[in-house]
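Chemist: My questions all concern the structure below.
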Amino acid sequence: MRHKLLVVSGPSGVGKGTLVKALKARRSDVTESVSCTTRPPREGEKHGREYFFLSKEEFLRRIAENDFLEYDEHFGNYYGTPKSFVQEMLKSKSVILEIDVVGALNTKKAIPESVLIMIAPPSLEELKRRLTGRGTETQEAIENRLSRLEYELSQKDKYDYTVVNDDLERALKELETILDSAD
Ligand code: 5GP
């Protein structure tokens with residue numbers, strides 16, 4: 001079977017990182033892309049593992065060379081999915097990109113065969129309660145997060161699949177079915 005490019009999005013707190021990690025652990029034919037960024041590494045981060053850390057000049061050069069499937073700016077730094085790296089990995093495995101809605105839709109434009117998967121919470125009310133109940137944030141930060149949550153979930157009709165993360169094992173099985181489905 002041909003390998004797939006899976007693009008996984010979902011609101012903060014929905015557990016998409018855990019799902020992706022569990023899928024990689026279970027399937028040796030699945031790997032995750034490593035993005036490029038111009039932000040400096042945080043403590044413990046390794047070049048080529050969490051990110052490829054690039055200078056702004058290098059990032060801009062690679063934009064000019066059309067070497068990103070998609071890229072965006074967050075908090076004043078550039079982030080992008082390296083096209084040549086993903087294409088190389090796709091020769092031997094299916095590849096997962098974990099990116100936000102804007103990045104996912106841009107990826108679909110660049111590679112129409114990519115499979116967009118939205119991870120949704122079983123209960124919107126419960127996720128909202130969790131996101132507002134951390135207790136360490138300002139009202140403004142909470143409201144930002146909630147409006148982002150509403151926005152992301154409102155885009156789910158543009159995705160190929162929505163997987164509800166109600167139960168890890170069940171959601172994983174659903175991801176595996178998508179992975180193994182014919183094109
Ligand atoms: P952080 O600096 O905390 O690792 O990530 C900041 C933001 O950049 C997060 O919202 C993350 O999803 C986003 N991001 C990371 N890699 C990429 C990428 O390759 N493309 C896009 N569009 N966003 C990314």
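By convention here, the chains of the structure tokens are called A, B, ... in the order presented, each chain's residues are numbered starting at 1, and ligands are numbered starting at 1 in the order presented.
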As a quick test: using only C-alpha atoms and all ligand atoms, which residues lie no more than 9 Å away from ligand 1? Give them as a ChimeraX atom specification.

Modeler: /A:9,33-37,39-42,50-51,68-75,77-82,97-104,106

Chemist: Please identify which residues in chain A DSSP calls helix (DSSP H, G or I) from the backbone, and express them as a PDB file with C-alpha atoms, in the first residue's frame.

Modeler:
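And here is the file that came out, part-v7.pdb:
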ATOM      1  CA  LYS A  16      -3.762  14.732  19.948  1.00  0.00           C
ATOM      2  CA  GLY A  17      -0.113  14.485  21.044  1.00  0.00           C
ATOM      3  CA  THR A  18      -0.878  11.372  23.093  1.00  0.00           C
ATOM      4  CA  LEU A  19      -2.773   9.800  20.196  1.00  0.00           C
ATOM      5  CA  VAL A  20       0.003  10.477  17.692  1.00  0.00           C
ATOM      6  CA  LYS A  21       2.610   9.089  20.090  1.00  0.00           C
ATOM      7  CA  ALA A  22       0.565   5.934  20.691  1.00  0.00           C
ATOM      8  CA  LEU A  23       0.020   5.432  16.959  1.00  0.00           C
ATOM      9  CA  LYS A  24       3.765   5.740  16.286  1.00  0.00           C
ATOM     10  CA  ALA A  25       4.527   3.283  19.097  1.00  0.00           C
ATOM     11  CA  ARG A  26       2.098   0.750  17.649  1.00  0.00           C
ATOM     12  CA  LYS A  56      15.983  33.533   9.723  1.00  0.00           C
ATOM     13  CA  GLU A  57      18.208  33.915   6.640  1.00  0.00           C
ATOM     14  CA  GLU A  58      18.240  30.168   6.066  1.00  0.00           C
ATOM     15  CA  PHE A  59      14.454  29.956   6.558  1.00  0.00           C
ATOM     16  CA  LEU A  60      13.845  32.797   4.071  1.00  0.00           C
ATOM     17  CA  ARG A  61      16.202  31.162   1.578  1.00  0.00           C
ATOM     18  CA  ARG A  62      14.235  27.925   1.847  1.00  0.00           C
ATOM     19  CA  ILE A  63      10.926  29.784   1.367  1.00  0.00           C
ATOM     20  CA  ALA A  64      12.399  31.267  -1.817  1.00  0.00           C
ATOM     21  CA  LYS A  83       8.927  19.445   1.768  1.00  0.00           C
ATOM     22  CA  SER A  84      12.041  17.495   0.775  1.00  0.00           C
ATOM     23  CA  PHE A  85      12.277  15.871   4.226  1.00  0.00           C
ATOM     24  CA  VAL A  86       8.619  14.744   4.153  1.00  0.00           C
ATOM     25  CA  GLN A  87       8.902  13.451   0.585  1.00  0.00           C
ATOM     26  CA  GLU A  88      11.976  11.420   1.540  1.00  0.00           C
ATOM     27  CA  MET A  89      10.218   9.868   4.570  1.00  0.00           C
ATOM     28  CA  LEU A  90       7.098   9.065   2.518  1.00  0.00           C
ATOM     29  CA  VAL A 101      -6.008  24.410  10.905  1.00  0.00           C
ATOM     30  CA  VAL A 102      -4.317  27.041   8.730  1.00  0.00           C
ATOM     31  CA  GLY A 103      -1.244  24.844   8.196  1.00  0.00           C
ATOM     32  CA  ALA A 104      -3.434  21.809   7.521  1.00  0.00           C
ATOM     33  CA  LEU A 105      -5.498  23.558   4.853  1.00  0.00           C
ATOM     34  CA  ASN A 106      -2.329  24.907   3.218  1.00  0.00           C
ATOM     35  CA  THR A 107      -0.888  21.376   3.186  1.00  0.00           C
ATOM     36  CA  LYS A 108      -4.042  20.108   1.460  1.00  0.00           C
ATOM     37  CA  LYS A 109      -3.589  22.795  -1.193  1.00  0.00           C
ATOM     38  CA  ALA A 110       0.024  21.741  -1.775  1.00  0.00           C
ATOM     39  CA  LEU A 124     -17.103  20.507  24.213  1.00  0.00           C
ATOM     40  CA  GLU A 125     -18.405  21.627  27.599  1.00  0.00           C
ATOM     41  CA  GLU A 126     -15.936  19.409  29.440  1.00  0.00           C
ATOM     42  CA  LEU A 127     -12.974  20.656  27.364  1.00  0.00           C
ATOM     43  CA  LYS A 128     -14.072  24.257  27.932  1.00  0.00           C
ATOM     44  CA  ARG A 129     -14.231  23.590  31.652  1.00  0.00           C
ATOM     45  CA  ARG A 130     -10.728  22.126  31.594  1.00  0.00           C
ATOM     46  CA  LEU A 131      -9.321  25.018  29.576  1.00  0.00           C
ATOM     47  CA  THR A 132     -10.842  27.632  31.872  1.00  0.00           C
ATOM     48  CA  GLN A 139      -9.204  36.119  31.677  1.00  0.00           C
ATOM     49  CA  GLU A 140      -7.845  37.386  28.353  1.00  0.00           C
ATOM     50  CA  ALA A 141      -5.680  34.308  27.832  1.00  0.00           C
ATOM     51  CA  ILE A 142      -8.651  32.063  28.650  1.00  0.00           C
ATOM     52  CA  GLU A 143     -10.922  33.901  26.232  1.00  0.00           C
ATOM     53  CA  ASN A 144      -8.271  33.685  23.503  1.00  0.00           C
ATOM     54  CA  ARG A 145      -8.022  29.976  24.015  1.00  0.00           C
ATOM     55  CA  LEU A 146     -11.787  29.476  23.942  1.00  0.00           C
ATOM     56  CA  SER A 147     -12.277  31.500  20.763  1.00  0.00           C
ATOM     57  CA  ARG A 148      -9.449  29.518  19.153  1.00  0.00           C
ATOM     58  CA  LEU A 149     -11.142  26.305  20.248  1.00  0.00           C
ATOM     59  CA  GLU A 150     -14.459  27.357  18.679  1.00  0.00           C
ATOM     60  CA  TYR A 151     -12.669  28.442  15.498  1.00  0.00           C
ATOM     61  CA  GLU A 152     -10.726  25.194  15.113  1.00  0.00           C
ATOM     62  CA  LEU A 153     -13.758  22.980  15.628  1.00  0.00           C
ATOM     63  CA  SER A 154     -15.811  25.122  13.230  1.00  0.00           C
ATOM     64  CA  LYS A 156     -13.915  20.428  10.813  1.00  0.00           C
ATOM     65  CA  ASP A 157     -16.106  20.170   7.698  1.00  0.00           C
ATOM     66  CA  LYS A 158     -13.024  21.036   5.642  1.00  0.00           C
ATOM     67  CA  LEU A 168      -7.696   6.202  23.538  1.00  0.00           C
ATOM     68  CA  GLU A 169      -7.964   2.631  22.255  1.00  0.00           C
ATOM     69  CA  ARG A 170     -11.104   3.288  20.227  1.00  0.00           C
ATOM     70  CA  ALA A 171      -9.712   6.505  18.718  1.00  0.00           C
ATOM     71  CA  LEU A 172      -6.446   4.721  17.874  1.00  0.00           C
ATOM     72  CA  LYS A 173      -8.336   1.969  16.052  1.00  0.00           C
ATOM     73  CA  GLU A 174     -10.159   4.604  14.050  1.00  0.00           C
ATOM     74  CA  LEU A 175      -6.850   6.237  13.076  1.00  0.00           C
ATOM     75  CA  GLU A 176      -5.499   2.835  12.030  1.00  0.00           C
ATOM     76  CA  THR A 177      -8.577   2.200   9.882  1.00  0.00           C
ATOM     77  CA  ILE A 178      -8.009   5.548   8.129  1.00  0.00           C
ATOM     78  CA  LEU A 179      -4.340   4.684   7.685  1.00  0.00           C
ATOM     79  CA  ASP A 180      -5.137   1.306   6.153  1.00  0.00           C
TER      80      ASP A 180
END

Chemist: Restricting the calculation to only C-alpha atoms: of A:Gly15, A:Glu65, A:Ser28, A:Ser181, which residue gets closest to Ile119 (chain A)?

Modeler: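 Counting only C-alpha atoms, the residue closest to Ile119 (chain A) is A:Gly15.
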
Chemist: DSSP on the backbone, then: every residue of region 63-165 of chain A marked strand (DSSP E), written as a compact mmCIF listing (two decimals) with C-alpha atoms, in the first residue's frame.

Modeler:
# COMPACT_ATOMS: atom_id res chain seq x y z
CA PHE A 68 8.12 24.24 2.56
CA LEU A 69 4.85 22.39 2.14
CA GLU A 70 3.42 25.14 4.31
CA TYR A 71 4.81 27.71 6.69
CA ASP A 72 3.43 30.28 9.08
CA GLU A 73 4.51 32.81 11.66
CA HIS A 74 3.69 32.30 15.34
CA ASN A 77 9.00 33.25 14.59
CA TYR A 78 8.66 31.22 11.43
CA TYR A 79 7.56 27.58 11.47
CA GLY A 80 7.32 25.33 8.43
CA THR A 81 7.03 21.76 7.19
CA PRO A 82 10.09 20.85 5.10
CA SER A 94 3.32 7.11 6.33
CA VAL A 95 4.05 10.53 7.78
CA ILE A 96 2.06 12.50 10.36
CA LEU A 97 2.07 16.28 10.55
CA GLU A 98 0.64 17.72 13.74
CA VAL A 115 -5.55 13.16 4.62
CA LEU A 116 -6.81 15.78 7.07
CA ILE A 117 -7.94 14.48 10.46
CA MET A 118 -9.54 16.64 13.14
CA ILE A 119 -9.31 15.30 16.69
CA ALA A 120 -12.41 16.45 18.57
CA TYR A 161 -12.25 12.85 8.97
CA THR A 162 -13.16 13.84 12.50
CA VAL A 163 -12.01 11.42 15.19
CA VAL A 164 -13.58 11.88 18.61

Chemist: If I take CA of Ile111 (chain A) and CA of Asn66 (chain A), how far is one from the other in Å, to one decimal?

Modeler: 13.6 Å

Chemist: For each of A:Asp160, A:Thr38, A:His3, A:Asp29, take the minimum atom-to-atom distance to Phe53 (chain A), counting only C-alpha atoms, then give the residue where this is smallest.

Modeler: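 Ranked by minimum distance to Phe53 (chain A), first place goes to A:Thr38.
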
Chemist: By how many Å are CA of Asn165 (chain A) and CA of Pro122 (chain A) apart?

Modeler: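 If I compute the distance from CA of Asn165 (chain A) to CA of Pro122 (chain A), I get 6.1 Å.
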
Chemist: With only C-alpha atoms as the basis for distance, which of A:Asp67, A:Pro121, A:Val30, A:Lys46 is at the shortest distance from Ser12 (chain A)?

Modeler: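 That would be A:Pro121, the residue with the smallest distance to Ser12 (chain A).
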